[in-house]
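Visitor: Dumping the structure here so I can ask a few things about it.
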Amino acid sequence: MKITAEARFLDVLKRLSALPLFHLPEEINLTRPAITLISWVDTFPGSGVVGIASGLGLSAPTISVGIRRLVKDGWLERRRDHNDGRSLLIFLTPKGCLLMDRLRAHQKKVSKVFLSALDQGEQDLLLDILENALESIDEFIGNEQ
């Protein structure tokens with residue numbers, strides 16, 4: 001019996017997600033949602049709760065709870081908006097910046113190992129294919145909304 005492309009794809013995704021290399025380093029003792037929130041703030045420093053919630057597709061109360069926890073643990077900090085003293089903007093603390101540096105180093109290592117079995121042409125082809133697939137997914141999601 002021939003295995004479908006969809007079944008092969010799902011098997012590849014399952015195998016990738018099971019690789020220890022794709023897990024967070026053990027010294028990073030945070031949940032994936034916490035990492036996602038910290039990463040968002042790293043990418044968009046000075047965002048407000050509503051902007052973060054919108055960007056992550058979550059409710060503002062959910063984001064507020066996450067931010068409160070990460071501020072308490074020293075990963076994030078709130079600062080008053082100079083233009084609107086009522087608003088609080090979210091930034092990484094130095095501890096949060098160090099975390100992101102470690103995560104980027106880990107991601108670089110994972111990328112290097114993942115691509116190391118391929119020559120430059122194969123790497124380019126794989127990345128072109130993945131980018132095309134992601135464009136199709138983005139288009140599909142856009143049409144669904």
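So you can find residues: chains in the structure tokens are A, B, ... in the order shown, residues in each start at 1, and ligands are numbered from 1 in order.
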Can you pull out the residues contacting segment 111-120 of chain A? Cut-off 12 Å, using only C-alpha atoms, and skip same-chain residues under 5 positions away; I want them as a list in words.

Guide: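 The filter keeps Leu16, Leu19, Leu21, Phe22, Arg104, Ala105, His106, Leu125, Leu126 and Leu127 of chain A.
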
Visitor: Write a file of the selected residues as a PDB file, in the first residue's frame, keeping N, CA and C atoms.

Guide:
```pdb
ATOM      1  N   LEU A  16      10.107  15.216  13.799  1.00  0.00           N
ATOM      2  CA  LEU A  16      10.812  16.457  14.116  1.00  0.00           C
ATOM      3  C   LEU A  16      10.479  16.934  15.527  1.00  0.00           C
ATOM      4  N   LEU A  19      12.339  15.106  18.331  1.00  0.00           N
ATOM      5  CA  LEU A  19      13.787  15.223  18.464  1.00  0.00           C
ATOM      6  C   LEU A  19      14.158  16.111  19.646  1.00  0.00           C
ATOM      7  N   LEU A  21      16.664  17.807  20.021  1.00  0.00           N
ATOM      8  CA  LEU A  21      17.277  19.013  19.493  1.00  0.00           C
ATOM      9  C   LEU A  21      16.254  20.139  19.337  1.00  0.00           C
ATOM     10  N   PHE A  22      14.992  19.782  19.085  1.00  0.00           N
ATOM     11  CA  PHE A  22      13.953  20.777  18.870  1.00  0.00           C
ATOM     12  C   PHE A  22      13.246  21.177  20.159  1.00  0.00           C
ATOM     13  N   ARG A 104      18.146  32.281  20.891  1.00  0.00           N
ATOM     14  CA  ARG A 104      18.651  32.486  19.522  1.00  0.00           C
ATOM     15  C   ARG A 104      19.859  31.593  19.246  1.00  0.00           C
ATOM     16  N   ALA A 105      20.748  31.430  20.225  1.00  0.00           N
ATOM     17  CA  ALA A 105      21.908  30.550  20.055  1.00  0.00           C
ATOM     18  C   ALA A 105      21.452  29.109  19.864  1.00  0.00           C
ATOM     19  N   HIS A 106      20.450  28.696  20.627  1.00  0.00           N
ATOM     20  CA  HIS A 106      19.907  27.341  20.495  1.00  0.00           C
ATOM     21  C   HIS A 106      19.271  27.158  19.115  1.00  0.00           C
ATOM     22  N   LEU A 125      16.635  24.747  -2.100  1.00  0.00           N
ATOM     23  CA  LEU A 125      15.428  24.100  -2.603  1.00  0.00           C
ATOM     24  C   LEU A 125      14.453  23.802  -1.463  1.00  0.00           C
ATOM     25  N   LEU A 126      14.969  23.231  -0.371  1.00  0.00           N
ATOM     26  CA  LEU A 126      14.113  22.926   0.775  1.00  0.00           C
ATOM     27  C   LEU A 126      13.448  24.196   1.306  1.00  0.00           C
ATOM     28  N   LEU A 127      14.222  25.252   1.460  1.00  0.00           N
ATOM     29  CA  LEU A 127      13.669  26.491   1.992  1.00  0.00           C
ATOM     30  C   LEU A 127      12.669  27.133   1.025  1.00  0.00           C
TER      31      LEU A 127
END
```

Visitor: Just asking: which residues within segment 13-145 of chain A are alpha helix (DSSP H) according to DSSP, as number ranges by chain?

Guide: A: 13-18, 32-43, 49-56, 60-72, 94-115, 120-144

Visitor: Taking the DSSP assignment computed from this structure's backbone, write out as a PyMOL selection string all residues of chain A that belong to strand (DSSP E).

Guide: chain A and resi 76-80+88-92

Visitor: Could you dump the residues just selected with N, CA and C atoms as a tab-separated table (two decimals), in the first residue's frame?

Guide:
```tsv
chain	number	residue	atom	x	y	z
A	76	LEU	N	9.98	40.22	32.29
A	76	LEU	CA	9.41	41.38	31.62
A	76	LEU	C	9.26	42.52	32.62
A	77	GLU	N	9.13	43.75	32.06
A	77	GLU	CA	8.83	44.90	32.91
A	77	GLU	C	7.80	45.78	32.22
A	78	ARG	N	7.02	46.46	33.03
A	78	ARG	CA	6.04	47.43	32.53
A	78	ARG	C	6.62	48.83	32.70
A	79	ARG	N	6.40	49.67	31.67
A	79	ARG	CA	6.81	51.08	31.76
A	79	ARG	C	5.64	51.95	31.30
A	80	ARG	N	5.51	53.09	31.92
A	80	ARG	CA	4.48	54.04	31.51
A	80	ARG	C	4.79	54.57	30.11
A	88	LEU	N	0.44	51.26	29.87
A	88	LEU	CA	1.67	50.58	30.25
A	88	LEU	C	2.20	49.82	29.04
A	89	LEU	N	3.48	49.96	28.80
A	89	LEU	CA	4.14	49.27	27.70
A	89	LEU	C	5.02	48.17	28.28
A	90	ILE	N	5.19	47.10	27.53
A	90	ILE	CA	5.89	45.92	28.02
A	90	ILE	C	7.24	45.80	27.32
A	91	PHE	N	8.28	45.56	28.13
A	91	PHE	CA	9.65	45.41	27.64
A	91	PHE	C	10.31	44.22	28.32
A	92	LEU	N	11.37	43.72	27.69
A	92	LEU	CA	12.19	42.69	28.32
A	92	LEU	C	13.06	43.33	29.39
```

Visitor: List the neighbours of Gly51 of chain A out to 12 Å using only C-alpha atoms; skip same-chain residues closer than 3 positions along the sequence, and give me the result as a ChimeraX atom specification.

Guide: /A:37,40-41,44-48,54-60,63-64,87-90

Visitor: Measure the distance from atom CA of Leu103 of chain A to atom CA of Gly66 of chain A in Å and round it to one decimal.

Guide: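 Value for the atom CA of Leu103 of chain A-atom CA of Gly66 of chain A distance: 19.2 Å.
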
Visitor: In Å, how far is it from atom CA of Asn29 of chain A to atom CA of Val71 of chain A?

Guide: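 Spanning atom CA of Asn29 of chain A to atom CA of Val71 of chain A is a straight-line distance of 15.5 Å.
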
Visitor: Have a look at atom CA of Thr93 of chain A and atom CA of Ala53 of chain A and let me know their distance in Å, one decimal.

Guide: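 Going from atom CA of Thr93 of chain A over to atom CA of Ala53 of chain A covers 19.8 Å.
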
Visitor: Out of A:Ala34, A:Asp42, A:Asp124, A:Cys97, which residue has the shortest atom-to-atom distance to Thr62 of chain A when counting only C-alpha atoms?

Guide: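 Ranked by minimum distance to Thr62 of chain A, first place goes to A:Ala34.
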
Visitor: Do a neighbour search on Lys95 of chain A at 10 Å with only C-alpha atoms, toss out local chain neighbours closer than 5 positions, and write the hits as an NGL selection string.

Guide: :A and (73-76 or 100-101)

Visitor: Go ahead and write the selection's residues with C-alpha atoms as a short mmCIF file (atom, residue, chain, number, x, y, z; two decimals), in the first residue's frame.

Guide:
```cif
data_model
loop_
_atom_site.label_atom_id
_atom_site.label_comp_id
_atom_site.auth_asym_id
_atom_site.auth_seq_id
_atom_site.Cartn_x
_atom_site.Cartn_y
_atom_site.Cartn_z
CA ASP A 73 9.55 36.40 37.80
CA GLY A 74 11.77 39.15 36.37
CA TRP A 75 11.50 38.37 32.62
CA LEU A 76 9.41 41.38 31.62
CA MET A 100 16.43 35.55 24.22
CA ASP A 101 20.17 35.45 23.49
#
```
